[in-house]
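The data block below is final38.pdb; it holds PDB, C-alpha atoms.
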ATOM      1  CA  MET A 408     -13.017 115.164 169.652
ATOM      2  CA  THR A 409     -10.441 112.636 168.441
ATOM      3  CA  ARG A 410     -11.486 109.136 167.545
ATOM      4  CA  PRO A 411      -9.664 106.263 169.255
ATOM      5  CA  HIS A 412      -7.132 104.500 167.091
ATOM      6  CA  MET A 413      -8.117 101.102 165.760
ATOM      7  CA  PRO A 414      -5.858  98.285 166.931
ATOM      8  CA  GLU A 415      -3.042  97.532 164.511
ATOM      9  CA  VAL A 416      -3.727  93.810 164.247
ATOM     10  CA  LEU A 417      -6.879  91.704 164.405
ATOM     11  CA  ILE A 418      -6.704  88.591 166.552
ATOM     12  CA  SER A 419      -9.429  86.197 165.423
ATOM     13  CA  GLU A 420     -10.240  83.752 168.228
ATOM     14  CA  VAL A 421     -11.024  80.310 166.805
ATOM     15  CA  GLY A 422     -11.163  78.260 170.004
ATOM     16  CA  PRO A 423     -14.954  77.915 170.240
ATOM     17  CA  ARG A 424     -14.952  76.279 166.807
ATOM     18  CA  ASP A 425     -11.531  74.962 165.835
ATOM     19  CA  GLY A 426     -10.587  74.194 169.408
ATOM     20  CA  LEU A 427     -13.778  72.526 170.561
ATOM     21  CA  GLN A 428     -14.264  70.373 167.482
ATOM     22  CA  SER A 429     -10.765  68.967 167.889
ATOM     23  CA  VAL A 430     -11.227  67.531 171.391
ATOM     24  CA  LYS A 431     -13.148  64.380 172.269
ATOM     25  CA  ALA A 432     -15.301  65.894 175.004
ATOM     26  CA  THR A 433     -18.331  68.045 174.228
ATOM     27  CA  MET A 434     -18.492  71.303 176.163
ATOM     28  CA  PRO A 435     -21.968  71.943 177.620
ATOM     29  CA  THR A 436     -23.706  74.787 175.828
ATOM     30  CA  ALA A 437     -24.071  76.910 178.963
ATOM     31  CA  ASP A 438     -20.308  76.744 179.590
ATOM     32  CA  LYS A 439     -19.616  77.503 175.946
ATOM     33  CA  LEU A 440     -21.740  80.653 176.123
ATOM     34  CA  GLN A 441     -19.987  81.804 179.299
ATOM     35  CA  TRP A 442     -16.629  81.251 177.623
ATOM     36  CA  ILE A 443     -17.647  83.342 174.606
ATOM     37  CA  ASP A 444     -18.894  86.061 176.965
ATOM     38  CA  ALA A 445     -15.488  86.108 178.672
ATOM     39  CA  LEU A 446     -13.672  86.317 175.333
ATOM     40  CA  ALA A 447     -15.839  89.248 174.284
ATOM     41  CA  ALA A 448     -15.201  90.962 177.626
ATOM     42  CA  ALA A 449     -11.458  90.665 176.989
ATOM     43  CA  GLY A 450     -11.789  92.705 173.793
ATOM     44  CA  LEU A 451     -11.767  90.064 171.061
ATOM     45  CA  ARG A 452     -13.292  91.684 167.975
ATOM     46  CA  GLU A 453     -13.782  88.522 165.913
ATOM     47  CA  ILE A 454     -14.703  85.087 167.271
ATOM     48  CA  GLU A 455     -15.257  81.938 165.245
ATOM     49  CA  VAL A 456     -17.997  80.493 167.417
ATOM     50  CA  ALA A 457     -19.292  77.438 165.571
ATOM     51  CA  SER A 458     -19.174  75.096 162.612
ATOM     52  CA  PHE A 459     -22.367  74.246 160.733
ATOM     53  CA  VAL A 460     -21.914  70.558 160.028
ATOM     54  CA  PRO A 461     -24.130  67.515 160.675
ATOM     55  CA  ALA A 462     -24.356  66.821 164.409
ATOM     56  CA  GLN A 463     -23.608  63.133 163.877
ATOM     57  CA  LEU A 464     -20.218  64.086 162.417
ATOM     58  CA  LEU A 465     -19.303  66.686 165.021
ATOM     59  CA  PRO A 466     -21.539  66.497 168.077
ATOM     60  CA  GLN A 467     -19.436  69.271 169.638
ATOM     61  CA  MET A 468     -21.110  71.658 167.163
ATOM     62  CA  ALA A 469     -24.729  70.467 167.523
ATOM     63  CA  ASP A 470     -25.656  73.750 169.246
ATOM     64  CA  ALA A 471     -24.178  75.964 166.515
ATOM     65  CA  ALA A 472     -27.294  78.064 165.846
ATOM     66  CA  GLN A 473     -27.896  78.716 169.546
ATOM     67  CA  VAL A 474     -24.266  79.707 170.040
ATOM     68  CA  VAL A 475     -24.317  82.143 167.106
ATOM     69  CA  GLN A 476     -27.508  83.770 168.309
ATOM     70  CA  HIS A 477     -26.091  84.218 171.811
ATOM     71  CA  ALA A 478     -22.813  85.645 170.524
ATOM     72  CA  LEU A 479     -24.699  88.269 168.499
ATOM     73  CA  ARG A 480     -25.534  90.002 171.797
ATOM     74  CA  HIS A 481     -21.985  91.300 171.968
ATOM     75  CA  HIS A 482     -21.717  94.570 170.082
ATOM     76  CA  GLY A 483     -18.324  95.148 168.548
ATOM     77  CA  VAL A 484     -17.690  91.424 168.049
ATOM     78  CA  ARG A 485     -17.961  89.942 164.573
ATOM     79  CA  VAL A 486     -19.519  86.494 164.904
ATOM     80  CA  MET A 487     -17.975  84.069 162.433
ATOM     81  CA  ALA A 488     -18.970  80.518 161.536
ATOM     82  CA  LEU A 489     -17.244  77.834 159.508
ATOM     83  CA  VAL A 490     -19.333  76.301 156.736
ATOM     84  CA  PRO A 491     -17.994  73.425 154.612
ATOM     85  CA  ASN A 492     -20.732  73.589 151.980
ATOM     86  CA  LEU A 493     -23.860  75.328 150.706
ATOM     87  CA  ARG A 494     -26.117  73.571 153.212
ATOM     88  CA  GLY A 495     -23.984  74.788 156.084
ATOM     89  CA  ALA A 496     -23.981  78.320 154.677
ATOM     90  CA  HIS A 497     -27.806  78.323 154.552
ATOM     91  CA  ALA A 498     -27.950  77.322 158.213
ATOM     92  CA  ALA A 499     -25.275  79.780 159.327
ATOM     93  CA  LEU A 500     -26.882  82.733 157.577
ATOM     94  CA  ALA A 501     -30.283  81.762 158.978
ATOM     95  CA  ALA A 502     -28.754  81.812 162.461
ATOM     96  CA  GLY A 503     -27.355  85.295 161.854
ATOM     97  CA  ALA A 504     -23.647  84.654 161.351
ATOM     98  CA  GLN A 505     -21.858  87.877 160.414
ATOM     99  CA  LYS A 506     -18.985  86.251 158.538
ATOM    100  CA  LEU A 507     -18.554  82.877 156.863
ATOM    101  CA  THR A 508     -15.315  80.985 156.491
ATOM    102  CA  LEU A 509     -14.843  77.982 154.219
ATOM    103  CA  PRO A 510     -12.013  75.442 154.412
ATOM    104  CA  VAL A 511     -10.439  74.888 151.010
ATOM    105  CA  SER A 512      -7.377  72.677 151.078
ATOM    106  CA  ALA A 513      -4.458  73.073 148.725
ATOM    107  CA  SER A 514      -3.715  69.365 149.223
ATOM    108  CA  PRO A 515      -6.078  67.001 147.376
ATOM    109  CA  ALA A 516      -5.406  64.238 149.922
ATOM    110  CA  HIS A 517      -6.340  66.469 152.865
ATOM    111  CA  SER A 518      -9.322  67.911 150.997
ATOM    112  CA  LEU A 519     -10.794  64.457 150.459
ATOM    113  CA  ALA A 520     -10.203  63.503 154.105
ATOM    114  CA  ASN A 521     -11.553  66.760 155.505
ATOM    115  CA  VAL A 522     -14.551  67.618 153.306
ATOM    116  CA  ARG A 523     -14.775  64.608 150.960
ATOM    117  CA  LYS A 524     -14.275  66.822 147.921
ATOM    118  CA  THR A 525     -11.346  67.687 145.681
ATOM    119  CA  PRO A 526     -10.041  71.278 145.758
ATOM    120  CA  GLU A 527     -11.728  71.828 142.365
ATOM    121  CA  ALA A 528     -15.065  70.636 143.744
ATOM    122  CA  MET A 529     -14.622  72.899 146.771
ATOM    123  CA  LEU A 530     -14.041  75.839 144.441
ATOM    124  CA  GLU A 531     -17.455  75.154 142.924
ATOM    125  CA  GLU A 532     -18.933  74.914 146.438
ATOM    126  CA  VAL A 533     -17.427  78.308 147.256
ATOM    127  CA  ARG A 534     -19.016  79.787 144.137
ATOM    128  CA  ALA A 535     -22.404  78.404 145.214
ATOM    129  CA  VAL A 536     -22.004  79.892 148.699
ATOM    130  CA  LEU A 537     -21.087  83.248 147.209
ATOM    131  CA  ARG A 538     -24.216  83.215 145.041
ATOM    132  CA  LEU A 539     -26.301  82.451 148.120
ATOM    133  CA  ARG A 540     -24.595  85.229 150.064
ATOM    134  CA  ASP A 541     -25.173  87.718 147.265
ATOM    135  CA  ASP A 542     -28.857  86.786 147.148
ATOM    136  CA  ILE A 543     -29.791  86.859 150.823
ATOM    137  CA  ALA A 544     -26.987  88.477 152.867
ATOM    138  CA  PRO A 545     -24.830  90.698 150.650
ATOM    139  CA  ASP A 546     -23.165  92.415 153.613
ATOM    140  CA  VAL A 547     -21.762  89.166 155.056
ATOM    141  CA  PRO A 548     -18.114  88.679 154.086
ATOM    142  CA  VAL A 549     -16.937  85.266 152.962
ATOM    143  CA  GLU A 550     -13.372  84.195 153.628
ATOM    144  CA  VAL A 551     -11.419  81.089 152.736
ATOM    145  CA  GLY A 552      -8.714  79.676 154.911
ATOM    146  CA  MET A 553      -6.496  77.675 152.589
ATOM    147  CA  SER A 554      -5.696  74.534 154.550
ATOM    148  CA  THR A 555      -2.355  72.694 154.242
ATOM    149  CA  ALA A 556      -0.838  75.685 152.456
ATOM    150  CA  PHE A 557       2.588  74.899 153.924
ATOM    151  CA  GLY A 558       2.587  71.111 153.719
ATOM    152  CA  CYS A 559       0.414  68.089 154.350
ATOM    153  CA  THR A 560       0.914  65.055 156.598
ATOM    154  CA  LEU A 561      -1.031  62.957 154.089
ATOM    155  CA  GLN A 562       0.436  64.231 150.808
ATOM    156  CA  GLY A 563       3.778  65.670 151.895
ATOM    157  CA  VAL A 564       5.025  68.730 150.021
ATOM    158  CA  VAL A 565       2.342  71.073 148.684
ATOM    159  CA  PRO A 566       3.773  73.052 145.738
ATOM    160  CA  GLU A 567       3.566  76.800 146.298
ATOM    161  CA  ALA A 568       2.412  77.210 142.696
ATOM    162  CA  ASP A 569      -0.669  75.096 143.547
ATOM    163  CA  VAL A 570      -1.446  77.339 146.522
ATOM    164  CA  LEU A 571      -1.149  80.524 144.501
ATOM    165  CA  ARG A 572      -3.159  79.187 141.569
ATOM    166  CA  LEU A 573      -6.002  78.154 143.866
ATOM    167  CA  ALA A 574      -5.865  81.505 145.669
ATOM    168  CA  LEU A 575      -6.209  83.365 142.381
ATOM    169  CA  GLN A 576      -9.179  81.214 141.381
ATOM    170  CA  LEU A 577     -10.847  81.940 144.713
ATOM    171  CA  ALA A 578     -10.215  85.652 144.309
ATOM    172  CA  GLN A 579     -11.694  85.603 140.818
ATOM    173  CA  ALA A 580     -14.748  83.783 142.206
ATOM    174  CA  GLY A 581     -15.428  86.733 144.508
ATOM    175  CA  VAL A 582     -14.112  85.643 147.924
ATOM    176  CA  ASP A 583     -13.545  88.629 150.233
ATOM    177  CA  GLU A 584     -10.462  87.321 152.057
ATOM    178  CA  ILE A 585      -8.077  84.432 151.444
ATOM    179  CA  GLY A 586      -5.766  83.366 154.235
ATOM    180  CA  LEU A 587      -3.137  80.670 154.573
ATOM    181  CA  SER A 588      -3.352  77.899 157.164
ATOM    182  CA  ASP A 589      -0.492  75.809 158.493
ATOM    183  CA  THR A 590      -2.941  73.003 159.230
ATOM    184  CA  THR A 591      -0.242  70.442 159.873
ATOM    185  CA  GLY A 592       2.310  72.574 161.728
ATOM    186  CA  MET A 593       4.972  72.111 159.046
ATOM    187  CA  ALA A 594       5.698  75.773 158.242
ATOM    188  CA  ASN A 595       8.869  77.686 159.031
ATOM    189  CA  PRO A 596       9.363  81.481 159.101
ATOM    190  CA  ALA A 597      11.251  81.700 155.807
ATOM    191  CA  GLN A 598       8.518  79.715 154.047
ATOM    192  CA  VAL A 599       5.768  81.819 155.670
ATOM    193  CA  SER A 600       7.444  85.051 154.589
ATOM    194  CA  ARG A 601       7.997  83.804 151.031
ATOM    195  CA  LEU A 602       4.490  82.425 150.504
ATOM    196  CA  PHE A 603       2.648  85.392 151.997
ATOM    197  CA  LYS A 604       4.760  87.786 149.908
ATOM    198  CA  ALA A 605       3.803  85.790 146.825
ATOM    199  CA  LEU A 606       0.151  85.801 147.895
ATOM    200  CA  PHE A 607       0.156  89.593 148.282
ATOM    201  CA  ASN A 608       1.667  89.848 144.802
ATOM    202  CA  GLU A 609      -1.023  87.526 143.423
ATOM    203  CA  ILE A 610      -4.211  88.822 145.101
ATOM    204  CA  GLY A 611      -3.205  92.031 146.890
ATOM    205  CA  ALA A 612      -5.566  93.344 149.562
ATOM    206  CA  LEU A 613      -7.628  90.140 149.515
ATOM    207  CA  THR A 614      -4.798  88.478 151.445
ATOM    208  CA  GLY A 615      -6.304  87.433 154.763
ATOM    209  CA  ALA A 616      -5.339  85.717 157.982
ATOM    210  CA  ALA A 617      -2.322  83.714 159.027
ATOM    211  CA  HIS A 618      -3.568  80.557 160.759
ATOM    212  CA  MET A 619      -0.542  78.930 162.343
ATOM    213  CA  HIS A 620      -0.097  75.841 164.484
ATOM    214  CA  ASN A 621       2.507  75.368 167.173
ATOM    215  CA  THR A 622       3.070  71.665 166.506
ATOM    216  CA  ARG A 623       6.850  72.071 166.315
ATOM    217  CA  GLY A 624       7.184  75.191 168.444
ATOM    218  CA  LEU A 625       7.275  77.677 165.556
ATOM    219  CA  GLY A 626       3.781  79.157 165.841
ATOM    220  CA  LEU A 627       4.761  82.593 167.168
ATOM    221  CA  ALA A 628       7.823  82.814 164.934
ATOM    222  CA  ASN A 629       5.624  82.090 161.920
ATOM    223  CA  CYS A 630       3.092  84.726 163.000
ATOM    224  CA  LEU A 631       5.880  87.271 163.354
ATOM    225  CA  ALA A 632       7.204  86.376 159.898
ATOM    226  CA  ALA A 633       3.713  86.913 158.462
ATOM    227  CA  TYR A 634       3.372  90.244 160.280
ATOM    228  CA  GLN A 635       6.698  91.462 158.916
ATOM    229  CA  VAL A 636       5.510  91.005 155.324
ATOM    230  CA  GLY A 637       2.189  92.772 155.854
ATOM    231  CA  VAL A 638      -0.310  90.306 157.350
ATOM    232  CA  ARG A 639      -2.548  91.989 159.929
ATOM    233  CA  THR A 640      -5.063  89.257 160.868
ATOM    234  CA  PHE A 641      -4.063  86.228 162.926
ATOM    235  CA  ASP A 642      -6.075  83.208 164.027
ATOM    236  CA  SER A 643      -5.381  81.741 167.446
ATOM    237  CA  SER A 644      -7.027  79.710 170.175
ATOM    238  CA  LEU A 645      -7.229  80.386 173.898
ATOM    239  CA  GLY A 646      -5.010  77.918 175.714
ATOM    240  CA  GLY A 647      -3.812  76.555 172.370
ATOM    241  CA  LEU A 648      -6.909  74.380 172.208
ATOM    242  CA  GLY A 649      -7.427  72.398 169.030
ATOM    243  CA  GLY A 650      -5.796  71.263 165.842
ATOM    244  CA  CYS A 651      -7.314  69.357 162.937
ATOM    245  CA  PRO A 652      -9.035  65.974 163.358
ATOM    246  CA  TYR A 653      -8.353  65.075 159.711
ATOM    247  CA  ALA A 654      -4.626  65.855 159.679
ATOM    248  CA  PRO A 655      -2.725  63.315 161.787
ATOM    249  CA  GLY A 656      -0.326  64.896 164.269
ATOM    250  CA  ALA A 657      -1.553  68.430 163.600
ATOM    251  CA  SER A 658      -2.044  69.457 167.194
ATOM    252  CA  GLY A 659      -1.621  72.877 168.660
ATOM    253  CA  ASN A 660      -3.197  76.135 167.534
ATOM    254  CA  VAL A 661      -1.179  79.220 168.399
ATOM    255  CA  VAL A 662      -2.003  80.275 171.966
ATOM    256  CA  THR A 663      -4.015  83.500 171.935
ATOM    257  CA  GLU A 664      -2.518  84.674 175.233
ATOM    258  CA  ASP A 665       1.048  84.292 173.948
ATOM    259  CA  LEU A 666       0.247  85.904 170.601
ATOM    260  CA  VAL A 667      -1.384  88.937 172.219
ATOM    261  CA  PHE A 668       1.516  89.271 174.657
ATOM    262  CA  MET A 669       4.049  89.166 171.824
ATOM    263  CA  PHE A 670       2.354  91.907 169.848
ATOM    264  CA  GLU A 671       1.578  94.142 172.826
ATOM    265  CA  ALA A 672       5.146  93.772 174.143
ATOM    266  CA  MET A 673       6.354  94.886 170.699
ATOM    267  CA  GLY A 674       4.096  97.943 170.863
ATOM    268  CA  VAL A 675       1.684  96.539 168.264
ATOM    269  CA  THR A 676      -1.827  97.133 169.557
ATOM    270  CA  THR A 677      -4.418  94.345 169.603
ATOM    271  CA  GLY A 678      -7.248  95.981 171.561
ATOM    272  CA  ILE A 679      -7.251  92.990 173.940
ATOM    273  CA  ASP A 680      -6.947  93.152 177.738
ATOM    274  CA  LEU A 681      -4.479  90.415 178.685
ATOM    275  CA  HIS A 682      -5.709  90.185 182.282
ATOM    276  CA  ARG A 683      -9.261  89.524 181.112
ATOM    277  CA  LEU A 684      -8.022  87.243 178.364
ATOM    278  CA  MET A 685      -6.266  84.989 180.835
ATOM    279  CA  ALA A 686      -9.334  85.074 183.077
ATOM    280  CA  ALA A 687     -11.281  83.610 180.133
ATOM    281  CA  ARG A 688      -9.409  80.353 180.733
ATOM    282  CA  VAL A 689     -11.594  79.760 183.793
ATOM    283  CA  PRO A 690     -14.894  79.098 181.945
ATOM    284  CA  LEU A 691     -12.952  77.066 179.391
ATOM    285  CA  GLN A 692     -11.509  74.850 182.119
ATOM    286  CA  THR A 693     -14.921  74.629 183.799
ATOM    287  CA  GLY A 694     -16.533  73.418 180.587
ATOM    288  CA  LEU A 695     -13.731  71.007 179.703
ATOM    289  CA  PRO A 696     -12.376  69.713 183.008
ATOM    290  CA  GLY A 697      -9.158  67.812 182.574
ATOM    291  CA  GLU A 698      -8.473  69.077 179.050
ATOM    292  CA  PRO A 699      -4.840  70.273 178.849
ATOM    293  CA  LEU A 700      -4.355  73.959 178.123
ATOM    294  CA  TYR A 701      -1.129  75.545 176.985
ATOM    295  CA  GLY A 702       0.558  78.923 177.036
ATOM    296  CA  MET A 703       3.818  80.336 178.332
ATOM    297  CA  THR A 704       2.330  83.707 179.291
ATOM    298  CA  PRO A 705      -0.391  82.335 181.594
ATOM    299  CA  GLU A 706       2.217  80.130 183.268
ATOM    300  CA  ALA A 707       4.815  82.869 183.741
ATOM    301  CA  GLY A 708       2.413  85.726 184.413
ATOM    302  CA  LEU A 709       2.689  89.272 183.127
ATOM    303  CA  PRO A 710       5.855  91.282 183.745
ATOM    304  CA  LYS A 711       6.004  93.718 186.630
ATOM    305  CA  GLY A 712       4.613  97.073 185.571
ATOM    306  CA  TRP A 713       2.512  95.641 182.744
ATOM    307  CA  PRO A 714      -0.436  97.985 182.048
ATOM    308  CA  GLY A 715      -3.566  97.285 184.041
ATOM    309  CA  PRO A 716      -4.337  96.077 187.574
TER
END

Rewrite the coordinates I just gave you, this time as structure tokens.
Amino acid sequence: MTRPHMPEVLISEVGPRDGLQSVKATMPTADKLQWIDALAAAGLREIEVASFVPAQLLPQMADAAQVVQHALRHHGVRVMALVPNLRGAHAALAAGAQKLTLPVSASPAHSLANVRKTPEAMLEEVRAVLRLRDDIAPDVPVEVGMSTAFGCTLQGVVPEADVLRLALQLAQAGVDEIGLSDTTGMANPAQVSRLFKALFNEIGALTGAAHMHNTRGLGLANCLAAYQVGVRTFDSSLGGLGGCPYAPGASGNVVTEDLVFMFEAMGVTTGIDLHRLMAARVPLQTGLPGEPLYGMTPEAGLPKGWPGP
């Protein structure tokens, strides 16, 4: 009996966290759970479902523990949570999160605005989270998404040497994956290719996800550039929901539907059913009525003869 092939790329859906915390409205918990159920039914294998931060700062995430515990019902889905500090990591692990992600910015200006710490202080926070993980949940991977790796609306240019130096320090600290985030939508394909190549040279297999924004229409092109140099994990958000509340003008996560269509049309398997994926927009729209959603594929529809009903 032959085993089914694993999909060639991992699409990590970040809408329930990155998307929801970037809009003003708060999605009711019941709608949020139905949306996560629909994402799981579409074949998403990793979903960032919540952020463990004080409710007074992000009321959209006040139900984080409940959301994690519900998402754990879906076998075959890795339930990920963002934690900005040790306190958040304690809460996320207590709730049962299966993967932790920490935001560490390469830009000091963005780091102070986003987490009120310098990049050096965040490195120490990461080390504390790793010690906690090793003590109580050694099987839970910890990743870092390096924010503003391609530029910062507050600082301007972020030197690539700073990005690579911080990545090496994170790798030496024991982080399992280190990805690069175009938090401000300033990246271009040549820059993405160059910086990810350099990251592979610096930290090898610890190189993690490409988290791109579509602020200037280059999201898919930047994902393709990352794929062509060896990246195999990509963050995206259903309907392009979200951005970054602490980076002015940084709207527009890459649209999951468009990203999946691009890869599948190229013959690169994702393991995701596009019909079901687009159907997952319904509970999202129900929970956030009036919130604009984006995506060329949902608007145009799938080509005639596309696999499936």

Inset, instruction - Output the residue selection produced by the PyMOL selection byres ((chain A and resi 510-527) around 9) on the file above, formatted as a PyMOL selection string. - result: chain A and resi 489-492+508-509+528-533+550-566+569-570+573+588+651-654

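Relative to CA of Glu664 in chain A, CA of Met593 in chain A is found at 21.8 Å.
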
Using the chain letters and numbers from the file, give me the residues hit by the PyMOL selection byres ((chain A and resi 613) around 12), as an mmCIF file with C-alpha atoms, in the frame of the given file.
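Now in out_36.cif:
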data_model
loop_
_atom_site.group_PDB
_atom_site.id
_atom_site.type_symbol
_atom_site.label_atom_id
_atom_site.label_comp_id
_atom_site.auth_asym_id
_atom_site.auth_seq_id
_atom_site.Cartn_x
_atom_site.Cartn_y
_atom_site.Cartn_z
ATOM 1 C CA PRO A 548 -18.114 88.679 154.086
ATOM 2 C CA VAL A 549 -16.937 85.266 152.962
ATOM 3 C CA GLU A 550 -13.372 84.195 153.628
ATOM 4 C CA VAL A 551 -11.419 81.089 152.736
ATOM 5 C CA GLY A 552 -8.714 79.676 154.911
ATOM 6 C CA ALA A 574 -5.865 81.505 145.669
ATOM 7 C CA LEU A 575 -6.209 83.365 142.381
ATOM 8 C CA LEU A 577 -10.847 81.940 144.713
ATOM 9 C CA ALA A 578 -10.215 85.652 144.309
ATOM 10 C CA GLN A 579 -11.694 85.603 140.818
ATOM 11 C CA GLY A 581 -15.428 86.733 144.508
ATOM 12 C CA VAL A 582 -14.112 85.643 147.924
ATOM 13 C CA ASP A 583 -13.545 88.629 150.233
ATOM 14 C CA GLU A 584 -10.462 87.321 152.057
ATOM 15 C CA ILE A 585 -8.077 84.432 151.444
ATOM 16 C CA GLY A 586 -5.766 83.366 154.235
ATOM 17 C CA LEU A 587 -3.137 80.670 154.573
ATOM 18 C CA PHE A 603 2.648 85.392 151.997
ATOM 19 C CA LEU A 606 0.151 85.801 147.895
ATOM 20 C CA PHE A 607 0.156 89.593 148.282
ATOM 21 C CA ASN A 608 1.667 89.848 144.802
ATOM 22 C CA GLU A 609 -1.023 87.526 143.423
ATOM 23 C CA ILE A 610 -4.211 88.822 145.101
ATOM 24 C CA GLY A 611 -3.205 92.031 146.890
ATOM 25 C CA ALA A 612 -5.566 93.344 149.562
ATOM 26 C CA THR A 614 -4.798 88.478 151.445
ATOM 27 C CA GLY A 615 -6.304 87.433 154.763
ATOM 28 C CA ALA A 616 -5.339 85.717 157.982
ATOM 29 C CA GLY A 637 2.189 92.772 155.854
ATOM 30 C CA VAL A 638 -0.310 90.306 157.350
ATOM 31 C CA ARG A 639 -2.548 91.989 159.929
ATOM 32 C CA THR A 640 -5.063 89.257 160.868
#

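Once the PyMOL selection byres ((chain A and resi 642) around 7) is applied to the depicted file, the selected set reads Ile418, Ser419, Glu420, Val421, Ala616, Ala617, His618, Thr640, Phe641 and Ser643 of chain A.
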
Inset, instruction - Kindly provide, as a PyMOL selection string, the polymer residues lying within 9 Å of (3.2, 90.3, 170.3), counting only C-alpha atoms and using the coordinates exactly as they appear in the file. - result: chain A and resi 627+631+665-677

Legend entry - Between CA of Tyr701 in chain A and CA of Ala504 in chain A - distance in Å to one decimal: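 Computing it gives 28.9 Å between the two atoms.
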
Inset, instruction - Quick one: pull the distance between CA of Asn660 in chain A and CA of Pro596 in chain A, Å, one decimal. - result: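 Straight-line distance from CA of Asn660 in chain A to CA of Pro596 in chain A works out to 16.0 Å.
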
6 Å contact set for range 680-682 of chain A, all atoms listed in the file, chain neighbours under 2 positions out, as a tab-separated table (two decimals) with C-alpha atoms, keeping the file's coordinate frame:
chain	number	residue	atom	x	y	z
A	449	ALA	CA	-11.46	90.66	176.99
A	684	LEU	CA	-8.02	87.24	178.36
A	685	MET	CA	-6.27	84.99	180.84

Legend entry - Expected residue set, 12 Å radius at (-19.3, 69.2, 165.9), all atoms listed in the file, as a PyMOL selection string: chain A and resi 423-434+456-472+489-490+652

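Residues with any atom within 8 Å of Ala632 in chain A, counting all atoms listed in the file and excluding same-chain neighbours fewer than 5 positions away, are Pro596, Ala597, Val599 and Ser600 of chain A.
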
Inset, instruction - Find the spatial neighbours of Pro545 in chain A, counting only C-alpha atoms, within a cut-off of 12 Å - ignore same-chain residues fewer than 6 positions away - and output them as a list in words. - result: Leu500, Gln505, Lys506, Leu507, Val536, Leu537, Arg538, Leu539, Gly581 and Asp583 of chain A

Inset, instruction - Determine the nearest neighbour of Ala448 in chain A from the options A:Gly483, A:Gly624, A:Gly659, A:Pro414, counting only C-alpha atoms. - result: A:Gly483
